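Accompanying notes for the structure given below.
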Amino acid sequence: MMSYLLSLTIWTPIVFGFITLAFNKNDCMARYVALLGSIIALVFSLIVFHTFDPQQTAMQFSENYAWVPSLNINYHLAVDGISMPFVMLNNFITVLVVLAGFKVIKQKVALYNAMFLMMTGFISGSFCALDAVLFYVFFEAMLIPMYLIIGVWGSTNRVYAAIKFFLYTLIGSLLMLVALIYLYNQAKGSFEIFDYYNLPLTMGIQILIFIAFFLSFAVKVPMWPLHTWLPDAHPEAPTGGSMVLAAITLKIGGYGFLRFILPIVPDASRELAGVMVALSLIAIVYIGLVALVQKDMKKLVAYSSISHMGFVTLGCFLFVGANLNTWALEGAITQMISHGFVSAAMFFCIGVMYDRVHSRNIADYGGVVNKMPVFAAFFMLFSMANSGLPGTSGFVGEFMVIMGATQTNFIAAILAGLTLILGAGYTLWMYKRVVFGAVANSHVAEMSDVSKREFLILTLLAIAVLVMGIYPDLFVAKMHASVGHLINQVAQSKI
Amino acid sequence: MTYPNLIPVLPELFMVFMIIVLLLVDAFTSEKQKGANLLLTMITLIGCFVLQKYVDHGVTELTFNNMFILDNLAMGTKMFTYLFSFVAVLYIKRYVSDKKFQSGEFYVIFLFSVLGMMVMISADNMLTLYVGLELFSLALYGLIALYRDNVRATEAAMKYFILGALASGILLYGISFVYGATGGHLQLEDVLRSMLTLGDANAGLMTFGLVFIVAGLVFKLGLVPFHMWVPDVYEGSPLAVATIIGSLTKIAAVVFVIRFLIGGLVLLNPAWSVMLLILACLSLFFGNVIAIAQTNIKRMLGYSTVAHMGFVALGLVTVSVDGVSATIFYVVTYSLTALAGFGILTMLSKGDFECQSLDDLKGLSKTHPVMAALIMLVMFSMAGIPPLVGFYAKFKILAALLAAGYVGVAVFAVIMSLIGAFYYIRVVKVMYFEEPVITLEVADVCIFSRSVLLVNVALLLIIGILPSALMMYCNALVSG
């Protein structure tokens, strides 16, 4: 079946991005055009979500055209149960990001919105691409808008953060490019990702390819010890930039593990699973401890993101013999989506306070609840979700991964379980210091409660967090078949 | 007496004729009528382009006792060179009149250098190659020295001249060994044939000569350690001349190297590909690393050229059809990118001002958002970030390298282009993240030049998204 839905989802925001650029002189129009574009893209992705057939293991909504015939590169798009939820998450967050920047961003409004819209398109593209080069082009192209977003609208140390972000991400992806071209030569001139799944490769080669892919995706996730760009980038990025960065771009790393590393080099993955589990645990526990001592709220949430993404990588590499653990793998995907909502919400909450007080330091706050009761309630919900309270989305993924871990690696399960305490510790402690107590200073005393626009964004995020927490099957049911298929694929040795 | 077949050389003959006309016109017109020079130059380039198309019969033609060849490679690269020369003239014409160059001399010498490139591209004999090279280089020395009131330009011209003459001497010395070792052959096919019959005899002599030839060739490409002239010349030349040297001359230089090494001396292959490989890796390293330290954009682009030529040479190292076609693709797209880059800088130099320091570009996105966006695209293309064309250029070279088994070299090249990305994105940083220091003014360039510039940058994006046509074209140029 030929369909144009995915192309529409990808290209609508990009085209609208260019249209937005045209409203260089008219900030108001630029905002509404951007909002319109992001909503249309969201509608398309919702149609994809709705009409997706969860029983099928095959890729759906496939589009395949020759793109660069001389190198056998195709414009091949399709989604399965693993990538489809991310496309929706991505478009959902972008609508909120555009809304979040409505009153706050005052300089170069058109460029700001255009960059976000284009980035959404590129991100959707990399989730949908089934051609390695197409994936790579989308994957790299999103660096340009993100670089500008951090550099132009960021805070004091933005230039350093932007360049660090750019170079860190570039080094990994360039090595991935070499690996992809190597696979292309091995696969007799095919860039089709699925052709690599059945390609026999010796262990030595598999490990080299694993390393190349790992560097690329582990930087994105980010995994310890390649994470250092994230705590620099987040505090400097504008609120919208942080939301997209945490909610979506990190997920491309996790997605890369599932789409590239596990099925293309399954033997190397099994061989190195121990290392990966160890790195994930370090991220979960050590970074959790680091988060505890942060003074800057955005840095705290950034570290907490790294810790939460540790669950994702942990879930991806829990093997029983040749088989991956289903619980853990589905947990990892659920955790990514949940983290998308929760981290976006956390960064937005911090942004709401930052817009009023212009400080990210926990010490500059205190007693916010007295001035912003409605906001405090929302912030409470998201903080609870961030610490993994049952009933919120944060619980589901972590629980599933820990479930999987108890079946395969009990020590890992205990260590990962410990972080639930740590997570609750750093999040709630921050919440207590910022929100409760007496009004700390005159800046806090001047704070006004959320506006209608902010209320709308917070409500949408709250609904997402609660729905996913109470009825996770809405997402999980869509991925069963695809995850099962992936596990079968990984179980086969390629040597 | 038989006359040589003049059809394949029609465009060159037309150019010579027009140069003479231009000289005469310049001599007999008053100061106010100097616009005629520009007009004639543009007519010449368009005329050559059209004639070149006209003489294309799809078959390889030899003339002047096999000294001159017109094959697919020559056809294609000549068309590109004429086209880019025409675009370059559009970019620099305002600059040339603003800076009060003697436009007659400037354009005449410029046309001579283009003529030199054509001879380099079409030469099928080592002597013709040498003559073409000299014609081309002498014209360039002259172009730089034309800005005689400027100390830096004079210094650059002098440096370029002395080093260039030395390199030509070295090249000629190498050629003399080939002449001796093959028993008096200089025509490329004859050299090849006599090497086949000679076998291993005289191999030492040939290799000895080859070292000198390679040294002379890579001087023209600007590979490390023969790169010293590149940054100095870029920095010292006025922007109009830097536009010419930095972009369109590269095509001819690469074809020149292909003619020598692949056309004539391909049988010495393991010897020269190893030399080229080492020099290319050195260029990638030093070009990229030293460029980081530059604060002058022209100088930075000079070092960046060194690095780019390293990539180009890597394509030749593979000695495969894919590799050479990747090289052509790379050099054509690089010329296009550099042309836009220098073109923008030229347009930003109004009156006596010369836009060359990184500080000049500070906050450009606030004062001239469109110019800033164009420079940004050029920089990202040079850094090889998709969806711009620089990505596919690097991609093709890497693919050729990996297909030939040079995995380590490919990884090295990739890491070096990461280092390169740093100074390219620094330009973007300066334009977008910082506040203006001086108010740059855009020279009042005509609307036609502006739209050509827009098309030029748009092409970087369009070819970057749909590279297929150009890739096929480059393949067709090489496979013949």
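Simple scheme: letters A, B, ... for chains in structure tokens order, numbers from 1 for residues in each chain, numbers from 1 for ligands in the order shown.
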Determine, for each residue of chain B having at least one atom at most 8 Å from an atom of chain A, the closest pair of atoms and their separation in Å to one decimal, counting only C-alpha atoms; order by chain and ascending number, as CSV.
residue,atom,partner,partner_atom,distance
B:Ile385,CA,A:Glu140,CA,6.5
B:Pro386,CA,A:Val137,CA,5.3
B:Pro387,CA,A:Val137,CA,6.0
B:Leu398,CA,A:Val178,CA,7.4
B:Ala399,CA,A:Ile181,CA,5.9
B:Leu402,CA,A:Tyr182,CA,6.3
B:Ala403,CA,A:Asn185,CA,6.3
B:Ala410,CA,A:Val178,CA,7.1
B:Val411,CA,A:Val178,CA,6.7
B:Val414,CA,A:Leu174,CA,6.1
B:Ile415,CA,A:Ile171,CA,7.1
B:Leu418,CA,A:Ile171,CA,6.2
B:Ala421,CA,A:Leu167,CA,7.6
B:Phe422,CA,A:Leu167,CA,7.1
B:Ile425,CA,A:Ile163,CA,7.7
B:Lys429,CA,A:Val159,CA,7.2
B:Tyr432,CA,A:Val152,CA,6.4
B:Phe433,CA,A:Val152,CA,5.2
B:Leu466,CA,A:Val68,CA,7.0
B:Pro467,CA,A:Val68,CA,6.7
B:Ser468,CA,A:Val68,CA,4.8
B:Met471,CA,A:Ser70,CA,7.2
B:Met472,CA,A:Ser70,CA,6.6
Which residues in stretch 48-273 of chain A does DSSP call alpha helix (DSSP H)? List them as number ranges by chain.
-> A: 48-51, 84-100, 109-128, 132-141, 143-153, 158-186, 193-197, 203-220, 229-236, 239-244, 250-256, 262-264, 266-273
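For the choices A:Ile193, A:Ala322, A:Ile93, A:Ile306, the atom-to-atom distance to A:Val285 is smallest for A:Ile306 when using only C-alpha atoms.
With only C-alpha atoms as the atoms that count, the residue of A:Ala363, A:Met297, A:Val221, A:Leu8 with the shortest distance to A:Met336 is A:Val221.
Atom pair atom CA of B:Ser194 / atom CA of B:Met75: separated by 27.4 Å.
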Length of the atom CA of A:Asn74 to atom CA of A:Asp131 vector [Å] | 6.2 Å
Skip stretch 448-462 of chain B itself and residues of its chain fewer than 4 positions away, then list as number ranges by chain all residues within 10 Å of it, counting only C-alpha atoms.
-> B: 87-94, 333-334, 336-337, 339-341, 343-344, 347, 370-371, 373-375, 377-378, 381, 386-390, 444, 466-467
Fewer than 5 positions away in the same chain doesn't count, so skip those; otherwise give me all residues within 12 Å of stretch 18-23 of chain B, counting only C-alpha atoms, as an MDAnalysis selection string.
-> chainID B and resid 11:13 28:29 34:48 102:115
In Å and to one decimal, atom CA of B:Asn288 is distant from atom CA of B:Ile419 by 6.2 Å
